[in-house]
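Written below as structure tokens is the structure these notes are about.
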Amino acid sequence: MSLDSAEASPSSSRDWFFPSPSFIHSTSNSPQSPNYPRKFSTIPRHSRSSHTDWKPPKTSTFRSVSSSGSAAYGDPKYGRVRRRIELRRREKMAKQEKEDPVLEQKRDVSKAVSGVKTAIGEMGIRDFGQRVKIRWQMASYIAILITAFGSLVHKNFSLHNQVIDLQDQISTMNIRLQACNTSDTFDTISILQEGNHANSEGMGPRLVSVSISFGGMLIFAMMLGLVSDAISEKLDSLRKGRSEVVEQNHTLILGWSDKLGSLLNQLVIANESLGGGIVVVMAERDKEEMELDIAKMEFDFRGTSVICRSGSPLILADLKKVSVSKARAIVVLADDGNADQSDARALRTVLSLTGVKEGLRGHIVVELSDLDNEVLVKLVGGELVETVVAHDVIGRLMIQCARQPGLAQIWEDILGFENCEFYIKRWPQLDGMQFEDVLISFPDAIPCGVKVASRGGKIILNPEDSYVLQGGDEVLVIAEDDDTYAPGALPMVWRGSLAGDFIVPKLTEKILLCGWRRDMEDMIMVLDAFLAPGSELWMFNEVVESERERKLIDGGLDLSRLVNITLVHREGNAVIRRHLESLPLESFDSAKRLPYREAMVTRGQRGSFSRGSWIGEMQQASDRSVIISEILDPRTKNLLSMSKISDYVLSNELVSMALAMVAEDRQINDVLEELFAEEGNELHIRLAELYLHEGEEMSFYEVILRARQKREIVIGYRLENAERAVINPPNKNERRRWSVKDVFVVITEKE
């Protein structure tokens with residue numbers, strides 16, 4: 001077919017050309033007739049560049065050729081040529097379709113290379129100052145070139161692998177069709193093996209596969225290291241106590257001292273009726289050390305959890321860490337050491353607590369070392385703060401116990417949560433009842449006072465019998481627990497009358513005070529208020545006499561204002577025997593521990609010693625005088641129980657008990673302050689002969705009503721042969737026979 005025959009067509013144009021065989025669409029009515037006339041479609045010149053993307057239309061658009069060219073077109077010679085050309089064109093187009101992506105990537109590489117050459121050519125034009133920059137650019141271009149080349153290689157390998165994968169999939173599908181009845185396990189294994197780069201063939205694909213594997217391993221190792229570091233850091237934070245406490249309504253203890261063990265024990269006992277509680281301890285110590293020390297304490301936690309955190313109470317972030325705003329009570333312990341520095345730190349802690357933005361839900365109980373600093377702490381803390389001055393409490397207890405042997409055990413029972421303690425509660429059914437009737441209305445408790453609502457909630461200890469309870473008034477009682485008592489029916493009790501004249505003589509006393517305390521001047525002032533005129537206070541210690549007077553005056557003591565006592569100074573060490581031998585030990589008779597007859601029996605049981613021997617004199621002094629010791633470690637009391645010491649005061653334990661009681665109910669602090677003060681009411685031990693006759697049968701309720709004739713409240717008793725007193729006895733309406741050698745524990749006004 002010639003160009004002239006093509007131009008003879010009615011719709012022909014000079015821009016038409018003879019198409020390549022790959023674009024010829026032929027139809028044949030007879031496959032055996034190669035010379036059958038064909039129709040051709042032409043492509044304009046403007047679309048020649050995109051002829052590879054052209055596709056024949058669905059409907060035939062071929063135009064018929066002229067009759068003059070039909071003979072040439074049907075020539076067998078030209079038919080064979082056309083078939084060869086068409087076959088070559090098809091092979092060439094198939095090869096071109098396969099190489100087009102590679103050609104495009106090669107063009108990109110050529111462009112990158114030309115860019116590198118251009119950059120290299122420009123290097124000779126610029127000055128030396130820009131050569132360094134060009135070198136960096138050249139390095140970047142080279143890196144881009146390498147990356148592009150690597151991408152080409154990887155893409156080539158990927159295409160090759162895809163072809164292989166397609167072939168494998170075809171083979172696998174054929175196998176599945178042939179073995180459709182085989183087990184599912186074989187199919188699963190064949191599926192899992194598909195797409196695994198480990199079965200790649202050729203050096204290049206295998207290198208790429210190995211690189212991918214090592215890269216995945218490296219990334220996995222990095223991720224594993226990050227996760228491991230995060231877990232280790234979190235565990236280390238938990239171990240060292242830097243994590244936040246999410247508890248609420250817990251008791252928070254700030255600081256660490258020797259009183260912590262006793263304080264925890266009392267809080268554990270107090271929470272036992274509630275099934276346990278939460279106690280959080282924060283101190284400037286390592287968390288593991290605190291937990292180890294607490295684990296060594298010899299008591300059962302009884303369901304209470306103790307959480308330790310390391311931090312400073314002066315830092316708000318650390319206070320927030322222990323949920324200070326959600327605590328129901330906060331106890332600030334005094335530091336061991338200098339009293340002024342300890343109180344100064346306590347004051348700063350109170351300032352930090354009052355600066356919490358969220359506010360405080362509970363109250364603050366602060367342990368102080370010096371009574372002079374109490375006013376300042378209360379001024380800073382305001383209504384949130386309750387103070388317990390440890391030295392002052394212990395000093396007053398020592399004085400009371402020296403004058404009344406056995407009182408230390410009673411205080412230990414009342415302050416601790418193991419036996420009976422103070423509780424305040426509202427009982428509407430008692431409104432309109434006189435206090436005298438309220439006293440015998442509780443079978444399992446002993447009323448001691450009233451919290452008067454009309455007087456701003458002031459607690460009145462030992463009120464008058466004629467006081468009538470009003471609406472809003474609450475009753476202060478001594479009971480075993482807050483849920484173990486309730487008012488009952490009013491019993492019929494016979495009052496009776498006192499056995500004789502109720503006169504307690506106030507005799508002069510001679511007291512020996514061994515050692516020196518920082519608050520010695522306070523103890524001297526308390527003794528001067530308690531003792532009868534003409535009493536003597538012997539001070540036996542290693543401080544020089546002139547230095548003593550200076551310290552006492554510096555502490556605020558005016559020696560000229562002492563009315564009832566006279567100070568007698570002696571220098572020496574109470575541990576050295578020859579120093580004690582210089583003292584008239586048998587003359588100190590502040591109170592007798594036992595009657596003279598029983599003392600003689602006791603001395604005979606111990607053995608006979610010569611009257612002039614030192615041991616004999618010490619035994620005589622022990623039989624006639626009261627020996628009171630202050631004990632810091634509660635474990636030492638087991639050793640003292642083997643000796644014949646009259647009494648002892650567990651200073652740290654009693655202070656811890658007071659802190660725990662005030663932490664549980666801040667109202668109790670007013671009661672304790674009055675019982676320890678020089679004025680108001682106090683605990684006393686009275687002889688039974690003041691209330692009854694020998695062998696008289698009476699119920700405990702009758703004893704209470706007889707004591708009310710002298711404005712006293714009987715809270716317990718100790719029988720003649722008993723070692724301990726019974727506070728809040730059961731079966732109060734049961735009659736029993738009493739002895740005049742029995743003693744009663746009463747709350748009475750100070751003499």
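Ordering of the structure tokens sets the chain letters (A, B, ...), residue numbers begin anew at 1 in every chain, and ligands are numbered from 1 in the order given.
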Alpha helix (DSSP H) residues, from DSSP on the backbone, in stretch 630-727 of chain A, as an MDAnalysis selection string: chainID A and resid 637:640 651:664 668:676 700:707
Long-range neighbours of A:Ala529 as a PyMOL selection string, 12 Å cut-off, only C-alpha atoms, 5 positions minimum in chain: chain A and resi 396+399-400+522-524+535+561-565+677-679+750-751
Atomic distance atom CA of A:Leu235 - atom CA of A:Gly275, expressed in Å with one decimal: 29.7 Å
Who sits within 12 Å of A:Val475, only C-alpha atoms, same chain under 4 positions skipped, as a ChimeraX atom specification: /A:422-431,433-435,438-439,441-442,445-453,457-463,468-471,479,485-487
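Distance-wise, atom CA of A:Asn373 and atom CA of A:Ile414 end up 27.2 Å apart.
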Polymer residues at most 10 Å from A:Leu675, only C-alpha atoms, same-chain spacing of 4 or more positions, as a PyMOL selection string: chain A and resi 396+461+669-671+679-683+747-750
Mind dumping the selected residues with C-alpha atoms as a PDB file, in the first residue's frame?
```
ATOM      1  CA  ARG A 396       4.483  16.934 134.756  1.00  0.00           C
ATOM      2  CA  LEU A 461     -14.342  18.318 133.168  1.00  0.00           C
ATOM      3  CA  ASN A 669      -6.021  17.797 123.581  1.00  0.00           C
ATOM      4  CA  ASP A 670      -8.030  20.242 125.724  1.00  0.00           C
ATOM      5  CA  VAL A 671      -8.754  17.444 128.199  1.00  0.00           C
ATOM      6  CA  GLU A 679      -4.939  24.360 137.827  1.00  0.00           C
ATOM      7  CA  GLY A 680      -8.211  22.638 137.101  1.00  0.00           C
ATOM      8  CA  ASN A 681      -8.738  18.891 137.454  1.00  0.00           C
ATOM      9  CA  GLU A 682      -6.216  16.073 137.716  1.00  0.00           C
ATOM     10  CA  LEU A 683      -5.995  12.325 138.270  1.00  0.00           C
ATOM     11  CA  ILE A 747     -10.762  12.884 138.683  1.00  0.00           C
ATOM     12  CA  THR A 748     -10.828  15.748 141.136  1.00  0.00           C
ATOM     13  CA  GLU A 749      -9.979  19.403 141.386  1.00  0.00           C
ATOM     14  CA  LYS A 750      -6.385  20.218 142.217  1.00  0.00           C
TER      15      LYS A 750
END
```
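Reported to one decimal place, the separation of atom CA of A:Ala339 from atom CA of A:Ser369 is 5.3 Å.
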Residue nearest A:Ala270 - candidates A:Ala663, A:Ile294, A:Ala179, A:Leu580, atoms counted: only C-alpha atoms: A:Ala663
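Between A:Leu527 and the candidates A:Gly395, A:Pro405, A:Gly472, A:Gly216, the tightest atom-to-atom separation, counting only C-alpha atoms, involves A:Gly395.
Residue neighbourhood of A:Ile631, excluding near-sequence residues (fewer than 2 positions): A:Ser629, A:Asp633, A:Pro634, A:Thr636, A:Lys637, A:Tyr648, A:Val649, A:Leu650, A:Ser651, A:Asn652, at 8 Å, using only C-alpha atoms.
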Could the residues in this selection be saved with N, CA, C and O atoms as an mmCIF file, in the first residue's frame?
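The resulting file, out10.cif, is reproduced below:
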```cif
data_model
loop_
_atom_site.group_PDB
_atom_site.id
_atom_site.type_symbol
_atom_site.label_atom_id
_atom_site.label_comp_id
_atom_site.auth_asym_id
_atom_site.auth_seq_id
_atom_site.Cartn_x
_atom_site.Cartn_y
_atom_site.Cartn_z
ATOM 1 N N SER A 629 11.619 6.389 137.636
ATOM 2 C CA SER A 629 12.619 6.434 136.571
ATOM 3 C C SER A 629 11.948 6.809 135.257
ATOM 4 O O SER A 629 10.824 6.374 134.977
ATOM 5 N N ASP A 633 13.318 3.820 126.095
ATOM 6 C CA ASP A 633 13.059 2.626 125.296
ATOM 7 C C ASP A 633 12.024 1.760 126.001
ATOM 8 O O ASP A 633 12.247 1.321 127.133
ATOM 9 N N PRO A 634 10.875 1.482 125.381
ATOM 10 C CA PRO A 634 9.847 0.666 126.047
ATOM 11 C C PRO A 634 10.316 -0.736 126.403
ATOM 12 O O PRO A 634 9.769 -1.366 127.308
ATOM 13 N N THR A 636 12.927 -1.552 127.881
ATOM 14 C CA THR A 636 13.628 -1.563 129.162
ATOM 15 C C THR A 636 12.678 -1.853 130.319
ATOM 16 O O THR A 636 13.128 -2.274 131.385
ATOM 17 N N LYS A 637 11.391 -1.640 130.144
ATOM 18 C CA LYS A 637 10.450 -1.845 131.255
ATOM 19 C C LYS A 637 10.400 -3.300 131.690
ATOM 20 O O LYS A 637 10.054 -3.603 132.835
ATOM 21 N N TYR A 648 7.797 3.847 136.989
ATOM 22 C CA TYR A 648 8.599 4.372 135.890
ATOM 23 C C TYR A 648 7.667 5.072 134.912
ATOM 24 O O TYR A 648 6.473 4.789 134.844
ATOM 25 N N VAL A 649 8.260 5.975 134.162
ATOM 26 C CA VAL A 649 7.515 6.748 133.162
ATOM 27 C C VAL A 649 8.123 6.460 131.798
ATOM 28 O O VAL A 649 9.308 6.742 131.571
ATOM 29 N N LEU A 650 7.338 5.880 130.904
ATOM 30 C CA LEU A 650 7.776 5.632 129.530
ATOM 31 C C LEU A 650 7.582 6.916 128.734
ATOM 32 O O LEU A 650 6.525 7.146 128.140
ATOM 33 N N SER A 651 8.602 7.766 128.755
ATOM 34 C CA SER A 651 8.436 9.119 128.218
ATOM 35 C C SER A 651 8.082 9.111 126.738
ATOM 36 O O SER A 651 7.077 9.719 126.318
ATOM 37 N N ASN A 652 8.877 8.422 125.911
ATOM 38 C CA ASN A 652 8.602 8.426 124.472
ATOM 39 C C ASN A 652 7.265 7.768 124.149
ATOM 40 O O ASN A 652 6.519 8.230 123.289
#
```
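Of the residues listed (A:Thr508, A:Ser140, A:Thr354, A:Ser262), A:Thr508 shows the shortest atom-to-atom separation from A:Ala532; distances use only C-alpha atoms.
The residue that comes closest to A:Asn249, out of A:Arg517, A:Arg737, A:Arg309, A:Arg361 and on the basis of only C-alpha atoms, is A:Arg361.
Among the candidates A:Val568, A:Leu254, A:Val385, A:Leu476, the residue lying nearest to A:Arg666 is A:Val385 (atoms considered: only C-alpha atoms).
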Which of stretch 442-490 of chain A DSSP labels strand (DSSP E), written as a PyMOL selection string: chain A and resi 445-452+458-461+474-479
Residues from last step as file, N, CA, C and O atoms, as a PDB file, in the first residue's frame:
```
ATOM      1  N   ALA A 445     -19.349   2.615 130.092  1.00  0.00           N
ATOM      2  CA  ALA A 445     -18.510   3.803 130.024  1.00  0.00           C
ATOM      3  C   ALA A 445     -18.683   4.613 131.303  1.00  0.00           C
ATOM      4  O   ALA A 445     -19.631   4.389 132.075  1.00  0.00           O
ATOM      5  N   ILE A 446     -17.752   5.546 131.502  1.00  0.00           N
ATOM      6  CA  ILE A 446     -17.815   6.429 132.663  1.00  0.00           C
ATOM      7  C   ILE A 446     -17.780   7.870 132.172  1.00  0.00           C
ATOM      8  O   ILE A 446     -16.768   8.319 131.623  1.00  0.00           O
ATOM      9  N   PRO A 447     -18.871   8.622 132.313  1.00  0.00           N
ATOM     10  CA  PRO A 447     -18.864  10.034 131.924  1.00  0.00           C
ATOM     11  C   PRO A 447     -17.907  10.840 132.799  1.00  0.00           C
ATOM     12  O   PRO A 447     -17.836  10.641 134.013  1.00  0.00           O
ATOM     13  N   CYS A 448     -17.160  11.741 132.144  1.00  0.00           N
ATOM     14  CA  CYS A 448     -16.182  12.574 132.854  1.00  0.00           C
ATOM     15  C   CYS A 448     -16.429  14.062 132.678  1.00  0.00           C
ATOM     16  O   CYS A 448     -15.899  14.870 133.449  1.00  0.00           O
ATOM     17  N   GLY A 449     -17.176  14.438 131.657  1.00  0.00           N
ATOM     18  CA  GLY A 449     -17.381  15.853 131.411  1.00  0.00           C
ATOM     19  C   GLY A 449     -18.404  16.077 130.330  1.00  0.00           C
ATOM     20  O   GLY A 449     -18.989  15.135 129.777  1.00  0.00           O
ATOM     21  N   VAL A 450     -18.588  17.339 129.988  1.00  0.00           N
ATOM     22  CA  VAL A 450     -19.580  17.744 128.996  1.00  0.00           C
ATOM     23  C   VAL A 450     -18.954  18.778 128.067  1.00  0.00           C
ATOM     24  O   VAL A 450     -18.268  19.712 128.533  1.00  0.00           O
ATOM     25  N   LYS A 451     -19.199  18.615 126.785  1.00  0.00           N
ATOM     26  CA  LYS A 451     -18.830  19.625 125.800  1.00  0.00           C
ATOM     27  C   LYS A 451     -20.048  20.521 125.595  1.00  0.00           C
ATOM     28  O   LYS A 451     -21.031  20.125 124.979  1.00  0.00           O
ATOM     29  N   VAL A 452     -19.966  21.729 126.134  1.00  0.00           N
ATOM     30  CA  VAL A 452     -21.115  22.632 126.193  1.00  0.00           C
ATOM     31  C   VAL A 452     -21.224  23.388 124.875  1.00  0.00           C
ATOM     32  O   VAL A 452     -20.306  24.132 124.490  1.00  0.00           O
ATOM     33  N   LYS A 458     -16.800  24.378 124.481  1.00  0.00           N
ATOM     34  CA  LYS A 458     -15.813  24.209 125.544  1.00  0.00           C
ATOM     35  C   LYS A 458     -16.118  22.950 126.340  1.00  0.00           C
ATOM     36  O   LYS A 458     -17.260  22.655 126.668  1.00  0.00           O
ATOM     37  N   ILE A 459     -15.045  22.204 126.666  1.00  0.00           N
ATOM     38  CA  ILE A 459     -15.187  20.962 127.417  1.00  0.00           C
ATOM     39  C   ILE A 459     -14.997  21.267 128.901  1.00  0.00           C
ATOM     40  O   ILE A 459     -13.975  21.828 129.304  1.00  0.00           O
ATOM     41  N   ILE A 460     -15.984  20.881 129.704  1.00  0.00           N
ATOM     42  CA  ILE A 460     -15.942  21.081 131.150  1.00  0.00           C
ATOM     43  C   ILE A 460     -15.752  19.725 131.810  1.00  0.00           C
ATOM     44  O   ILE A 460     -16.619  18.846 131.713  1.00  0.00           O
ATOM     45  N   LEU A 461     -14.594  19.540 132.424  1.00  0.00           N
ATOM     46  CA  LEU A 461     -14.342  18.318 133.168  1.00  0.00           C
ATOM     47  C   LEU A 461     -14.984  18.401 134.549  1.00  0.00           C
ATOM     48  O   LEU A 461     -14.957  19.453 135.194  1.00  0.00           O
ATOM     49  N   GLU A 474     -22.471  17.527 124.139  1.00  0.00           N
ATOM     50  CA  GLU A 474     -21.882  16.208 123.945  1.00  0.00           C
ATOM     51  C   GLU A 474     -21.282  15.740 125.261  1.00  0.00           C
ATOM     52  O   GLU A 474     -20.872  16.552 126.096  1.00  0.00           O
ATOM     53  N   VAL A 475     -21.195  14.414 125.420  1.00  0.00           N
ATOM     54  CA  VAL A 475     -20.736  13.822 126.672  1.00  0.00           C
ATOM     55  C   VAL A 475     -19.335  13.250 126.471  1.00  0.00           C
ATOM     56  O   VAL A 475     -19.091  12.492 125.521  1.00  0.00           O
ATOM     57  N   LEU A 476     -18.409  13.615 127.371  1.00  0.00           N
ATOM     58  CA  LEU A 476     -17.053  13.071 127.394  1.00  0.00           C
ATOM     59  C   LEU A 476     -17.039  11.852 128.303  1.00  0.00           C
ATOM     60  O   LEU A 476     -17.426  11.938 129.477  1.00  0.00           O
ATOM     61  N   VAL A 477     -16.602  10.697 127.770  1.00  0.00           N
ATOM     62  CA  VAL A 477     -16.596   9.461 128.546  1.00  0.00           C
ATOM     63  C   VAL A 477     -15.242   8.772 128.411  1.00  0.00           C
ATOM     64  O   VAL A 477     -14.437   9.095 127.525  1.00  0.00           O
ATOM     65  N   ILE A 478     -15.015   7.819 129.298  1.00  0.00           N
ATOM     66  CA  ILE A 478     -13.897   6.878 129.193  1.00  0.00           C
ATOM     67  C   ILE A 478     -14.497   5.534 128.848  1.00  0.00           C
ATOM     68  O   ILE A 478     -15.279   4.967 129.624  1.00  0.00           O
ATOM     69  N   ALA A 479     -14.150   5.005 127.666  1.00  0.00           N
ATOM     70  CA  ALA A 479     -14.725   3.751 127.180  1.00  0.00           C
ATOM     71  C   ALA A 479     -13.657   2.965 126.432  1.00  0.00           C
ATOM     72  O   ALA A 479     -12.575   3.486 126.107  1.00  0.00           O
TER      73      ALA A 479
END
```
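Using only C-alpha atoms, the shortest contact distance between A:Leu690 and any of A:Ser587, A:Ser560, A:Ser497, A:Asn731 is found at A:Ser497.
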